$ cat start09.pdb   # PDB, C-alpha atoms
MODEL        1
ATOM      1  CA  MET K1497      13.898  -7.124 -18.211
ATOM      2  CA  ILE K1498      10.763  -5.907 -16.458
ATOM      3  CA  ASP K1499       8.300  -5.566 -19.324
ATOM      4  CA  THR K1500       5.494  -4.205 -17.185
ATOM      5  CA  SER K1501       7.583  -1.319 -15.796
ATOM      6  CA  PHE K1502       8.229   1.617 -18.110
ATOM      7  CA  ILE K1503      10.678   4.449 -17.512
ATOM      8  CA  ILE K1504       9.270   7.878 -18.427
ATOM      9  CA  ILE K1505      11.782  10.676 -19.054
ATOM     10  CA  VAL K1506      10.725  14.240 -19.856
ATOM     11  CA  THR K1507      13.435  16.061 -21.805
ATOM     12  CA  TYR K1508      14.112  19.670 -22.640
ATOM     13  CA  ASN K1509      17.497  20.532 -24.146
ATOM     14  CA  GLY K1510      18.915  17.548 -22.293
ATOM     15  CA  MET K1511      22.173  16.950 -24.168
ATOM     16  CA  PRO K1512      24.500  17.564 -21.173
ATOM     17  CA  TRP K1513      23.017  14.535 -19.347
ATOM     18  CA  LEU K1514      21.236  12.503 -22.003
ATOM     19  CA  ASP K1515      23.846   9.889 -22.877
ATOM     20  CA  THR K1516      24.572   8.968 -19.261
ATOM     21  CA  CYS K1517      20.887   8.982 -18.320
ATOM     22  CA  LEU K1518      19.745   6.763 -21.172
ATOM     23  CA  LYS K1519      22.662   4.325 -20.881
ATOM     24  CA  SER K1520      21.653   3.733 -17.261
ATOM     25  CA  CYS K1521      18.164   2.728 -18.463
ATOM     26  CA  VAL K1522      18.986   0.284 -21.277
ATOM     27  CA  ASP K1523      17.573  -2.755 -19.461
ATOM     28  CA  TYR K1524      14.046  -1.337 -19.402
ATOM     29  CA  PRO K1525      11.398  -0.006 -21.801
ATOM     30  CA  VAL K1526      11.893   3.751 -21.998
ATOM     31  CA  VAL K1527       9.509   6.469 -23.192
ATOM     32  CA  VAL K1528      10.921   9.961 -23.723
ATOM     33  CA  VAL K1529       8.531  12.897 -23.934
ATOM     34  CA  ASP K1530      10.425  15.844 -25.377
ATOM     35  CA  ASN K1531       9.138  19.307 -24.500
ATOM     36  CA  GLY K1532      10.115  21.040 -27.737
ATOM     37  CA  SER K1533      13.901  20.930 -27.314
ATOM     38  CA  THR K1534      15.881  23.324 -29.506
ATOM     39  CA  ASP K1535      19.135  21.337 -29.222
ATOM     40  CA  GLU K1536      19.962  17.870 -30.619
ATOM     41  CA  THR K1537      18.011  15.915 -27.997
ATOM     42  CA  VAL K1538      15.443  14.222 -30.253
ATOM     43  CA  ASP K1539      17.830  13.483 -33.138
ATOM     44  CA  TYR K1540      20.442  12.140 -30.735
ATOM     45  CA  ILE K1541      18.000   9.704 -29.124
ATOM     46  CA  ASN K1542      16.675   8.489 -32.471
ATOM     47  CA  LYS K1543      20.212   7.922 -33.768
ATOM     48  CA  HIS K1544      21.894   6.391 -30.710
ATOM     49  CA  PHE K1545      18.962   4.789 -28.858
ATOM     50  CA  PRO K1546      16.615   3.557 -31.619
ATOM     51  CA  LYS K1547      14.681   1.245 -29.280
ATOM     52  CA  ILE K1548      13.517   4.145 -27.131
ATOM     53  CA  ILE K1549      10.052   5.514 -27.858
ATOM     54  CA  VAL K1550      10.225   9.282 -28.392
ATOM     55  CA  LEU K1551       7.078  11.399 -28.192
ATOM     56  CA  PRO K1552       8.138  14.860 -29.416
ATOM     57  CA  GLN K1553       5.916  17.818 -28.500
ATOM     58  CA  THR K1554       5.666  21.009 -30.508
ATOM     59  CA  GLU K1555       5.620  23.111 -27.342
ATOM     60  CA  ASN K1556       6.870  22.963 -23.782
ATOM     61  CA  LYS K1557       4.029  21.366 -21.824
ATOM     62  CA  GLY K1558       5.812  21.538 -18.490
ATOM     63  CA  PHE K1559       6.944  18.660 -16.313
ATOM     64  CA  GLY K1560       3.572  17.334 -15.175
ATOM     65  CA  GLN K1561       1.666  17.408 -18.449
ATOM     66  CA  ALA K1562       4.561  15.899 -20.400
ATOM     67  CA  ASN K1563       4.762  13.084 -17.859
ATOM     68  CA  ASN K1564       1.009  12.533 -18.222
ATOM     69  CA  ILE K1565       1.546  11.910 -21.947
ATOM     70  CA  GLY K1566       4.253   9.348 -21.218
ATOM     71  CA  ILE K1567       2.232   7.688 -18.470
ATOM     72  CA  ARG K1568      -0.794   7.375 -20.740
ATOM     73  CA  TYR K1569       1.356   5.727 -23.423
ATOM     74  CA  ALA K1570       2.863   3.289 -20.900
ATOM     75  CA  LEU K1571      -0.539   2.329 -19.473
ATOM     76  CA  ASP K1572      -1.806   1.669 -23.002
ATOM     77  CA  GLN K1573       1.111  -0.747 -23.448
ATOM     78  CA  GLY K1574       0.122  -2.676 -20.317
ATOM     79  CA  ALA K1575       2.420  -1.052 -17.750
ATOM     80  CA  GLU K1576       1.819  -2.041 -14.128
ATOM     81  CA  GLN K1577       4.249   0.612 -12.886
ATOM     82  CA  VAL K1578       5.862   3.702 -14.342
ATOM     83  CA  PHE K1579       9.188   5.079 -13.188
ATOM     84  CA  LEU K1580       9.538   8.826 -13.658
ATOM     85  CA  LEU K1581      13.187   9.778 -14.102
ATOM     86  CA  ASN K1582      14.624  13.267 -14.565
ATOM     87  CA  GLN K1583      16.848  13.818 -17.584
ATOM     88  CA  ASP K1584      19.665  14.760 -15.179
ATOM     89  CA  ALA K1585      19.315  11.597 -13.076
ATOM     90  CA  TYR K1586      20.892   8.168 -13.584
ATOM     91  CA  LEU K1587      19.994   4.728 -12.288
ATOM     92  CA  VAL K1588      22.575   3.048 -10.082
ATOM     93  CA  SER K1589      22.849  -0.686 -10.603
ATOM     94  CA  ASN K1590      19.550  -2.612 -10.243
ATOM     95  CA  VAL K1591      17.725   0.074  -8.251
ATOM     96  CA  LEU K1592      14.559  -0.160 -10.340
ATOM     97  CA  ASP K1593      14.317  -3.926  -9.822
ATOM     98  CA  LYS K1594      14.474  -3.333  -6.051
ATOM     99  CA  LEU K1595      11.719  -0.735  -6.137
ATOM    100  CA  VAL K1596       9.448  -2.836  -8.348
ATOM    101  CA  GLN K1597       9.878  -5.938  -6.209
ATOM    102  CA  PHE K1598       9.098  -4.011  -3.030
ATOM    103  CA  GLN K1599       6.058  -2.287  -4.497
ATOM    104  CA  ASN K1600       4.680  -5.568  -5.824
ATOM    105  CA  MET K1601       4.682  -6.867  -2.253
ATOM    106  CA  HIS K1602       3.448  -3.623  -0.671
ATOM    107  CA  GLN K1603       0.669  -2.189  -2.797
ATOM    108  CA  GLU K1604      -0.133   0.405  -0.132
ATOM    109  CA  TYR K1605       2.895   2.367  -1.380
ATOM    110  CA  GLY K1606       1.641   4.333  -4.349
ATOM    111  CA  ILE K1607       5.003   6.087  -4.772
ATOM    112  CA  LEU K1608       8.460   4.711  -4.019
ATOM    113  CA  SER K1609      11.709   6.611  -4.368
ATOM    114  CA  PRO K1610      15.325   5.534  -4.068
ATOM    115  CA  VAL K1611      17.909   7.610  -2.229
ATOM    116  CA  HIS K1612      19.213  10.538  -4.319
ATOM    117  CA  ILE K1613      22.988  11.005  -4.327
ATOM    118  CA  THR K1614      25.364  13.475  -5.990
ATOM    119  CA  ALA K1615      27.320  12.822  -9.183
ATOM    120  CA  ASP K1616      30.504  12.007  -7.244
ATOM    121  CA  GLU K1617      28.510   9.406  -5.257
ATOM    122  CA  LYS K1618      29.895  10.806  -1.986
ATOM    123  CA  ARG K1619      26.939  12.808  -0.641
ATOM    124  CA  LEU K1620      23.175  12.899  -0.483
ATOM    125  CA  ASP K1621      21.566  15.276  -2.958
ATOM    126  CA  TYR K1622      21.074  18.549  -1.079
ATOM    127  CA  ASN K1623      17.323  18.885  -1.629
ATOM    128  CA  PHE K1624      16.679  15.183  -1.038
ATOM    129  CA  SER K1625      18.462  15.483   2.293
ATOM    130  CA  GLY K1626      16.034  18.219   3.304
ATOM    131  CA  TYR K1627      12.991  16.191   2.284
ATOM    132  CA  MET K1628      14.013  13.426   4.661
ATOM    133  CA  LEU K1629      13.985  15.949   7.510
ATOM    134  CA  ARG K1630      10.415  17.076   6.851
ATOM    135  CA  ASP K1631       9.047  14.204   8.906
ATOM    136  CA  ARG K1632      10.806  14.803  12.214
ATOM    137  CA  SER K1633       9.851  11.408  13.622
ATOM    138  CA  ASN K1634      11.398   9.624  10.628
ATOM    139  CA  PRO K1635      14.395   7.563  11.868
ATOM    140  CA  PHE K1636      16.111   7.611   8.440
ATOM    141  CA  TYR K1637      19.228   9.534   9.543
ATOM    142  CA  SER K1638      19.372   8.025  13.022
ATOM    143  CA  ASP K1639      19.462   4.500  11.628
ATOM    144  CA  PHE K1640      22.392   5.317   9.356
ATOM    145  CA  VAL K1641      24.395   7.246  11.968
ATOM    146  CA  LEU K1642      23.806   4.807  14.825
ATOM    147  CA  GLY K1643      24.332   1.706  12.714
ATOM    148  CA  ASN K1644      20.813   0.430  13.300
ATOM    149  CA  THR K1645      19.297  -2.156  11.008
ATOM    150  CA  LEU K1646      17.852  -0.204   8.114
ATOM    151  CA  ALA K1647      14.139  -0.408   7.515
ATOM    152  CA  ALA K1648      13.032  -1.790   4.159
ATOM    153  CA  VAL K1649      11.228   1.501   3.526
ATOM    154  CA  TYR K1650      10.926   4.890   5.240
ATOM    155  CA  PRO K1651       7.479   6.497   4.909
ATOM    156  CA  VAL K1652       7.586  10.206   4.001
ATOM    157  CA  SER K1653       5.036  12.904   3.212
ATOM    158  CA  PHE K1654       7.013  14.168   0.221
ATOM    159  CA  VAL K1655       9.967  13.356  -1.989
ATOM    160  CA  ASN K1656      10.567  15.112  -5.286
ATOM    161  CA  ALA K1657       9.663  13.401  -8.545
ATOM    162  CA  ALA K1658      13.183  13.059  -9.956
ATOM    163  CA  ALA K1659      12.902   9.291  -9.473
ATOM    164  CA  TRP K1660       9.409   8.041  -8.681
ATOM    165  CA  LEU K1661       8.021   4.551  -9.097
ATOM    166  CA  ILE K1662       4.230   4.944  -9.333
ATOM    167  CA  SER K1663       1.948   1.916  -9.341
ATOM    168  CA  LYS K1664      -0.897   1.467 -11.785
ATOM    169  CA  HIS K1665      -3.211   1.237  -8.781
ATOM    170  CA  CYS K1666      -2.033   4.659  -7.630
ATOM    171  CA  LEU K1667      -2.546   6.182 -11.083
ATOM    172  CA  GLU K1668      -6.049   4.703 -11.302
ATOM    173  CA  THR K1669      -6.856   6.081  -7.844
ATOM    174  CA  VAL K1670      -5.131   9.478  -7.829
ATOM    175  CA  GLY K1671      -4.942  10.251 -11.551
ATOM    176  CA  GLY K1672      -2.126  12.097 -13.284
ATOM    177  CA  PHE K1673      -0.410  15.411 -12.620
ATOM    178  CA  ASP K1674      -2.723  18.394 -12.193
ATOM    179  CA  PRO K1675      -2.484  20.977 -15.027
ATOM    180  CA  LEU K1676      -2.906  23.657 -12.357
ATOM    181  CA  PHE K1677       0.901  23.471 -12.108
ATOM    182  CA  PHE K1678       3.057  24.062 -15.179
ATOM    183  CA  HIS K1679       6.529  23.625 -13.708
ATOM    184  CA  TYR K1680       7.382  23.213 -10.012
ATOM    185  CA  GLY K1681       4.771  22.316  -7.447
ATOM    186  CA  GLU K1682       3.209  19.466  -9.425
ATOM    187  CA  ASP K1683       5.027  16.808  -7.375
ATOM    188  CA  ASP K1684       4.055  18.471  -4.073
ATOM    189  CA  ASN K1685       0.437  18.527  -5.235
ATOM    190  CA  TYR K1686       0.575  14.899  -6.335
ATOM    191  CA  CYS K1687       2.002  13.731  -3.003
ATOM    192  CA  GLN K1688      -0.773  15.553  -1.165
ATOM    193  CA  ARG K1689      -3.352  13.743  -3.286
ATOM    194  CA  VAL K1690      -1.685  10.349  -2.776
ATOM    195  CA  LEU K1691      -1.901  10.778   0.991
ATOM    196  CA  PHE K1692      -5.482  12.083   0.793
ATOM    197  CA  HIS K1693      -6.567   8.930  -1.047
ATOM    198  CA  GLY K1694      -5.040   6.684   1.611
ATOM    199  CA  LEU K1695      -1.884   5.530  -0.150
ATOM    200  CA  LYS K1696       1.676   5.841   1.120
ATOM    201  CA  ILE K1697       4.903   7.399  -0.134
ATOM    202  CA  GLY K1698       8.187   5.758   0.772
ATOM    203  CA  VAL K1699      11.954   5.896   0.311
ATOM    204  CA  VAL K1700      13.778   2.592  -0.148
ATOM    205  CA  PRO K1701      17.183   3.094   1.526
ATOM    206  CA  LYS K1702      19.139   0.399  -0.324
ATOM    207  CA  GLY K1703      18.534   1.795  -3.807
ATOM    208  CA  TYR K1704      20.205   4.840  -5.355
ATOM    209  CA  VAL K1705      19.925   7.263  -8.223
ATOM    210  CA  ILE K1706      22.447   9.937  -9.069
ATOM    211  CA  HIS K1707      20.876  13.382  -9.381
ATOM    212  CA  ASP K1708      23.467  15.337 -11.325
ATOM    213  CA  ARG K1709      22.665  18.905 -10.324
ATOM    214  CA  ALA K1710      25.110  19.830  -7.542
ATOM    215  CA  ASP K1711      26.843  22.510  -9.648
ATOM    216  CA  ARG K1712      23.611  24.243 -10.640
ATOM    217  CA  VAL K1713      23.470  27.901  -9.607
ATOM    218  CA  ARG K1714      20.503  28.728  -7.354
ATOM    219  CA  SER K1715      18.913  32.024  -8.308
ATOM    220  CA  LYS K1716      17.918  34.442  -5.559
ATOM    221  CA  VAL K1717      14.298  35.551  -5.581
ATOM    222  CA  THR K1718      14.085  39.352  -5.498
ATOM    223  CA  GLU K1719      10.953  40.749  -3.868
ATOM    224  CA  PHE K1720       8.268  41.737  -6.398
ATOM    225  CA  SER K1721      10.248  40.351  -9.348
ATOM    226  CA  GLU K1722       8.484  38.111 -11.876
ATOM    227  CA  HIS K1723      10.113  35.132 -10.169
ATOM    228  CA  TYR K1724       8.711  36.359  -6.845
ATOM    229  CA  TYR K1725       5.163  36.606  -8.193
ATOM    230  CA  SER K1726       5.446  33.189  -9.825
ATOM    231  CA  LYS K1727       6.638  31.574  -6.605
ATOM    232  CA  THR K1728       4.018  33.369  -4.484
ATOM    233  CA  LEU K1729       1.231  32.204  -6.789
ATOM    234  CA  ARG K1730       2.572  28.636  -6.803
ATOM    235  CA  ILE K1731       2.588  28.552  -2.988
ATOM    236  CA  PHE K1732      -0.976  29.914  -2.963
ATOM    237  CA  LYS K1733      -2.094  27.195  -5.385
ATOM    238  CA  LEU K1734      -0.325  24.471  -3.417
ATOM    239  CA  LYS K1735      -1.856  25.515  -0.128
ATOM    240  CA  HIS K1736      -5.418  25.779  -1.329
ATOM    241  CA  SER K1737      -5.475  22.884  -3.793
ATOM    242  CA  ASN K1738      -4.267  20.631  -0.961
ATOM    243  CA  LEU K1739      -7.149  18.296  -0.178
ATOM    244  CA  LEU K1740      -5.751  17.822   3.332
ATOM    245  CA  ASN K1741      -6.034  21.573   3.987
ATOM    246  CA  THR K1742      -9.369  22.897   5.254
ATOM    247  CA  ASP K1743      -8.356  26.584   5.257
ATOM    248  CA  LYS K1744     -10.407  28.709   2.881
ATOM    249  CA  HIS K1745      -8.483  30.689   0.301
ATOM    250  CA  GLU K1746     -10.974  33.522   0.718
ATOM    251  CA  LYS K1747      -9.459  34.238   4.157
ATOM    252  CA  GLN K1748      -6.009  34.780   2.677
ATOM    253  CA  ILE K1749      -7.431  37.022  -0.038
ATOM    254  CA  SER K1750      -9.451  39.015   2.509
ATOM    255  CA  GLN K1751      -6.359  39.565   4.654
ATOM    256  CA  LEU K1752      -4.358  40.713   1.639
ATOM    257  CA  LYS K1753      -7.075  43.235   0.775
ATOM    258  CA  LYS K1754      -6.866  44.623   4.311
ATOM    259  CA  ASP K1755      -3.068  44.860   4.054
ATOM    260  CA  ILE K1756      -3.351  46.774   0.764
ATOM    261  CA  LEU K1757      -5.844  49.233   2.267
ATOM    262  CA  LYS K1758      -3.565  49.771   5.270
ATOM    263  CA  LEU K1759      -0.591  50.504   2.992
ATOM    264  CA  LYS K1760      -2.641  53.054   1.039
ATOM    265  CA  LEU K1761      -3.729  54.792   4.243
ATOM    266  CA  GLN K1762      -0.059  54.983   5.220
ATOM    267  CA  GLY K1763       0.776  56.570   1.871
ATOM    268  CA  LYS K1764       2.822  53.568   0.721
ATOM    269  CA  PHE K1765       1.231  53.507  -2.714
ATOM    270  CA  LYS K1766       4.041  51.745  -4.579
ATOM    271  CA  ARG K1767       4.091  48.849  -2.133
ATOM    272  CA  ALA K1768       0.291  48.727  -2.178
ATOM    273  CA  ALA K1769       0.402  48.428  -5.974
ATOM    274  CA  GLN K1770       2.926  45.590  -5.720
ATOM    275  CA  HIS K1771       0.648  43.690  -3.344
ATOM    276  CA  GLN K1772      -2.307  44.517  -5.597
ATOM    277  CA  LYS K1773      -0.605  42.561  -8.385
ATOM    278  CA  THR K1774      -0.331  39.566  -6.057
ATOM    279  CA  LEU K1775      -4.029  39.926  -5.235
ATOM    280  CA  MET K1776      -5.009  39.987  -8.911
ATOM    281  CA  LEU K1777      -3.020  36.807  -9.573
ATOM    282  CA  MET K1778      -4.680  35.038  -6.636
ATOM    283  CA  LEU K1779      -8.169  36.099  -7.693
ATOM    284  CA  ALA K1780      -7.540  34.912 -11.256
ATOM    285  CA  ALA K1781      -6.288  31.528 -10.000
ATOM    286  CA  SER K1782      -9.103  30.924  -7.500
ATOM    287  CA  PRO K1783     -11.644  29.352  -9.907
ATOM    288  CA  ASP K1784      -8.971  26.928 -11.192
ATOM    289  CA  ILE K1785      -8.056  25.989  -7.630
ATOM    290  CA  MET K1786     -11.685  25.214  -6.780
ATOM    291  CA  ARG K1787     -12.028  23.139  -9.967
ATOM    292  CA  SER K1788      -8.851  21.283  -9.064
ATOM    293  CA  ARG K1789     -10.193  20.375  -5.635
ATOM    294  CA  GLU K1790     -13.495  19.165  -7.088
ATOM    295  CA  ILE K1791     -11.712  16.921  -9.593
ATOM    296  CA  ASN K1792      -8.986  15.581  -7.320
ATOM    297  CA  ILE K1793     -11.295  14.646  -4.474
ATOM    298  CA  GLN K1794     -12.674  11.978  -6.805
ATOM    299  CA  LYS K1795     -10.879   8.715  -7.543
ATOM    300  CA  GLY K1796     -10.028   7.971 -11.156
ATOM    301  CA  LYS K1797      -7.549   8.471 -13.987
ATOM    302  CA  HIS K1798      -8.258  12.146 -14.526
ATOM    303  CA  TYR K1799      -5.654  14.071 -16.551
ATOM    304  CA  LEU K1800      -4.546  10.794 -18.194
ATOM    305  CA  TYR K1801      -7.146  10.588 -20.960
TER     306      TYR K1801
ENDMDL
END
$ encode --input "start09.pdb" --output "structure tokens"
Amino acid sequence: MIDTSFIIIVTYNGMPWLDTCLKSCVDYPVVVVDNGSTDETVDYINKHFPKIIVLPQTENKGFGQANNIGIRYALDQGAEQVFLLNQDAYLVSNVLDKLVQFQNMHQEYGILSPVHITADEKRLDYNFSGYMLRDRSNPFYSDFVLGNTLAAVYPVSFVNAAAWLISKHCLETVGGFDPLFFHYGEDDNYCQRVLFHGLKIGVVPKGYVIHDRADRVRSKVTEFSEHYYSKTLRIFKLKHSNLLNTDKHEKQISQLKKDILKLKLQGKFKRAAQHQKTLMLMLAASPDIMRSREINIQKGKHYLY
């Protein structure tokens, strides 16, 4: 039992995965933050896992803000690390012990992740596999294929937050998740901030979690649909809230204005109007992006109070 390491699980209508997820966590203190589920999630946990702390919310606060609530609770209980686990992910064996032990000896790693595998335990999770290719100099795949001695950790610039061990030192330096992002993008933003503040992110190759999402249908983003505008705005926020990025968001807005004018001069009024909607969303988000940068450039536990 690692009393100073708390597992934080954000739930929302999690019944398809809940039993397997929580049974994999029984050796650790667990805090569940429920985002206003409309199924049996909260009642099921209270009935079948009475030792788990449940913090039910009256509304869906999104992934980042719900995790902030759980992190704050864990820190108040004396946590030295928090392990963020998706409701559709399951611990394999003593993976959390391995991560905690490594982080205790290597405090420069603010975030550690295990390897994500599929539910049949035969493949790497598809998205995780792509994250490990982001850093082209990373020898992660080469070491496995060539039979080299595996490193204890593989530094990366990003790995998704389905299974993150975050140190108390990291939380006190970087803060919590930025409310600029409601759902999707918050883990990208957090990784950027971790690197900006001089800490590292790593994958420990001899620890595994199952991420049970291989059968999930991926929706196609249709141009100028609501999903399109949401994704475009999220990318805009990510780019310009990134403390490692020195590009000014005004340049992107200026270029978009020129593109809209050009479309109007060409008589393409419908397409100009579609781009105008993008412009309005970017202009509305700009003050929040600037505020985000001002806050996140500072060290401290912002967003966790």
$ residues_around --input "start09.pdb" --residues "Gln1573 (chain K)" --least-positions-apart "5" --cutoff "12 Å" --atoms "all atoms listed in the file" --output "PyMOL selection string"
chain K and resi 1499-1502+1525-1527+1549+1566-1568+1578
$ closest_residue --input "start09.pdb" --among "K:Ile1541, K:Ile1749, K:Val1652, K:Leu1691" --to "Ser1782 (chain K)" --atoms "all atoms listed in the file"
K:Ile1749
$ closest_residue --input "start09.pdb" --among "K:Tyr1680, K:Tyr1524, K:Phe1654, K:Tyr1637" --to "Leu1729 (chain K)" --atoms "all atoms listed in the file"
K:Tyr1680
$ resolve_selection --input "start09.pdb" --expression "the PyMOL selection byres ((chain K and resi 1785) around 8)" --output "mmCIF file with C-alpha atoms, keeping the file's coordinate frame"
data_model
loop_
_atom_site.group_PDB
_atom_site.id
_atom_site.type_symbol
_atom_site.label_atom_id
_atom_site.label_comp_id
_atom_site.auth_asym_id
_atom_site.auth_seq_id
_atom_site.Cartn_x
_atom_site.Cartn_y
_atom_site.Cartn_z
ATOM 1 C CA LEU K 1676 -2.906 23.657 -12.357
ATOM 2 C CA LYS K 1733 -2.094 27.195 -5.385
ATOM 3 C CA HIS K 1736 -5.418 25.779 -1.329
ATOM 4 C CA SER K 1737 -5.475 22.884 -3.793
ATOM 5 C CA ALA K 1781 -6.288 31.528 -10.000
ATOM 6 C CA SER K 1782 -9.103 30.924 -7.500
ATOM 7 C CA PRO K 1783 -11.644 29.352 -9.907
ATOM 8 C CA ASP K 1784 -8.971 26.928 -11.192
ATOM 9 C CA MET K 1786 -11.685 25.214 -6.780
ATOM 10 C CA ARG K 1787 -12.028 23.139 -9.967
ATOM 11 C CA SER K 1788 -8.851 21.283 -9.064
ATOM 12 C CA ARG K 1789 -10.193 20.375 -5.635
#
$ atom_distance --input "start09.pdb" --atom1 "CA of Thr1728 (chain K)" --atom2 "CA of Gly1606 (chain K)"
29.1 Å
$ atom_distance --input "start09.pdb" --atom1 "CA of Gln1762 (chain K)" --atom2 "CA of Lys1744 (chain K)"
28.3 Å
$ residues_around --input "start09.pdb" --residues "Asp1523 (chain K)" --least-positions-apart "5" --cutoff "12 Å" --atoms "only C-alpha atoms" --output "PyMOL selection string"
chain K and resi 1497-1499+1501-1503+1518+1547-1548+1587+1589-1593
$ write_last_selection --input "start09.pdb" --atoms "C-alpha atoms" --output "CSV table (one decimal), in the frame of the given file"
chain,number,residue,atom,x,y,z
K,1497,MET,CA,13.9,-7.1,-18.2
K,1498,ILE,CA,10.8,-5.9,-16.5
K,1499,ASP,CA,8.3,-5.6,-19.3
K,1501,SER,CA,7.6,-1.3,-15.8
K,1502,PHE,CA,8.2,1.6,-18.1
K,1503,ILE,CA,10.7,4.4,-17.5
K,1518,LEU,CA,19.7,6.8,-21.2
K,1547,LYS,CA,14.7,1.2,-29.3
K,1548,ILE,CA,13.5,4.1,-27.1
K,1587,LEU,CA,20.0,4.7,-12.3
K,1589,SER,CA,22.8,-0.7,-10.6
K,1590,ASN,CA,19.6,-2.6,-10.2
K,1591,VAL,CA,17.7,0.1,-8.3
K,1592,LEU,CA,14.6,-0.2,-10.3
K,1593,ASP,CA,14.3,-3.9,-9.8
$ resolve_selection --input "start09.pdb" --expression "the PyMOL selection byres ((chain K and resi 1537) around 12)" --output "mmCIF file with C-alpha atoms, in the frame of the given file"
data_model
loop_
_atom_site.group_PDB
_atom_site.id
_atom_site.type_symbol
_atom_site.label_atom_id
_atom_site.label_comp_id
_atom_site.auth_asym_id
_atom_site.auth_seq_id
_atom_site.Cartn_x
_atom_site.Cartn_y
_atom_site.Cartn_z
ATOM 1 C CA VAL K 1506 10.725 14.240 -19.856
ATOM 2 C CA THR K 1507 13.435 16.061 -21.805
ATOM 3 C CA TYR K 1508 14.112 19.670 -22.640
ATOM 4 C CA ASN K 1509 17.497 20.532 -24.146
ATOM 5 C CA GLY K 1510 18.915 17.548 -22.293
ATOM 6 C CA MET K 1511 22.173 16.950 -24.168
ATOM 7 C CA PRO K 1512 24.500 17.564 -21.173
ATOM 8 C CA TRP K 1513 23.017 14.535 -19.347
ATOM 9 C CA LEU K 1514 21.236 12.503 -22.003
ATOM 10 C CA ASP K 1515 23.846 9.889 -22.877
ATOM 11 C CA LEU K 1518 19.745 6.763 -21.172
ATOM 12 C CA VAL K 1528 10.921 9.961 -23.723
ATOM 13 C CA VAL K 1529 8.531 12.897 -23.934
ATOM 14 C CA ASP K 1530 10.425 15.844 -25.377
ATOM 15 C CA ASN K 1531 9.138 19.307 -24.500
ATOM 16 C CA GLY K 1532 10.115 21.040 -27.737
ATOM 17 C CA SER K 1533 13.901 20.930 -27.314
ATOM 18 C CA THR K 1534 15.881 23.324 -29.506
ATOM 19 C CA ASP K 1535 19.135 21.337 -29.222
ATOM 20 C CA GLU K 1536 19.962 17.870 -30.619
ATOM 21 C CA VAL K 1538 15.443 14.222 -30.253
ATOM 22 C CA ASP K 1539 17.830 13.483 -33.138
ATOM 23 C CA TYR K 1540 20.442 12.140 -30.735
ATOM 24 C CA ILE K 1541 18.000 9.704 -29.124
ATOM 25 C CA ASN K 1542 16.675 8.489 -32.471
ATOM 26 C CA LYS K 1543 20.212 7.922 -33.768
ATOM 27 C CA HIS K 1544 21.894 6.391 -30.710
ATOM 28 C CA PHE K 1545 18.962 4.789 -28.858
ATOM 29 C CA VAL K 1550 10.225 9.282 -28.392
ATOM 30 C CA LEU K 1551 7.078 11.399 -28.192
ATOM 31 C CA PRO K 1552 8.138 14.860 -29.416
ATOM 32 C CA GLN K 1583 16.848 13.818 -17.584
#
$ residues_near_point --input "start09.pdb" --point "(1.9, 43.0, -10.4)" --cutoff "12 Å" --atoms "all atoms listed in the file" --output "PyMOL selection string"
chain K and resi 1719-1726+1728-1729+1766-1778
$ resolve_selection --input "start09.pdb" --expression "the PyMOL selection byres ((chain K and resi 1576) around 6)" --output "count of residues only"
4
$ closest_residue --input "start09.pdb" --among "K:Lys1764, K:His1602, K:His1679, K:His1612" --to "His1707 (chain K)" --atoms "all atoms listed in the file"
K:His1612
$ closest_residue --input "start09.pdb" --among "K:Phe1559, K:Gly1703, K:Val1649, K:Glu1617" --to "Gly1681 (chain K)" --atoms "only C-alpha atoms"
K:Phe1559
$ atom_distance --input "start09.pdb" --atom1 "CA of Asn1792 (chain K)" --atom2 "CA of Ile1565 (chain K)"
18.4 Å
$ residues_near_point --input "start09.pdb" --point "(21.8, 15.3, -11.8)" --cutoff "12 Å" --atoms "all atoms listed in the file" --output "NGL selection string"
:K and (1510 or 1512-1514 or 1516-1517 or 1581-1587 or 1612-1617 or 1620-1624 or 1658-1659 or 1705-1712)
$ closest_residue --input "start09.pdb" --among "K:Pro1701, K:Gly1694, K:Pro1675, K:Gly1796" --to "Asn1564 (chain K)" --atoms "only C-alpha atoms"
K:Pro1675
$ closest_residue --input "start09.pdb" --among "K:Glu1668, K:Glu1682, K:Asp1743, K:Glu1790" --to "Leu1571 (chain K)" --atoms "all atoms listed in the file"
K:Glu1668
$ decode --input "start09.pdb" --residues "region 1695-1700 of chain K" --atoms "N, CA and C atoms" --output "PDB file, in the first residue's frame"
ATOM      1  N   LEU K1695      11.044  20.620 -16.156  1.00  0.00           N
ATOM      2  CA  LEU K1695      10.860  19.242 -15.723  1.00  0.00           C
ATOM      3  C   LEU K1695      10.741  18.331 -16.940  1.00  0.00           C
ATOM      4  N   LYS K1696      10.812  17.037 -16.706  1.00  0.00           N
ATOM      5  CA  LYS K1696      10.799  16.063 -17.790  1.00  0.00           C
ATOM      6  C   LYS K1696       9.525  15.225 -17.769  1.00  0.00           C
ATOM      7  N   ILE K1697       9.238  14.635 -18.934  1.00  0.00           N
ATOM      8  CA  ILE K1697       8.131  13.700 -19.100  1.00  0.00           C
ATOM      9  C   ILE K1697       8.742  12.400 -19.604  1.00  0.00           C
ATOM     10  N   GLY K1698       8.345  11.274 -19.022  1.00  0.00           N
ATOM     11  CA  GLY K1698       8.964  10.028 -19.442  1.00  0.00           C
ATOM     12  C   GLY K1698       7.997   8.866 -19.477  1.00  0.00           C
ATOM     13  N   VAL K1699       8.334   7.874 -20.303  1.00  0.00           N
ATOM     14  CA  VAL K1699       7.593   6.611 -20.372  1.00  0.00           C
ATOM     15  C   VAL K1699       8.476   5.510 -19.807  1.00  0.00           C
ATOM     16  N   VAL K1700       7.951   4.779 -18.839  1.00  0.00           N
ATOM     17  CA  VAL K1700       8.663   3.658 -18.228  1.00  0.00           C
ATOM     18  C   VAL K1700       8.270   2.391 -18.985  1.00  0.00           C
TER      19      VAL K1700
END
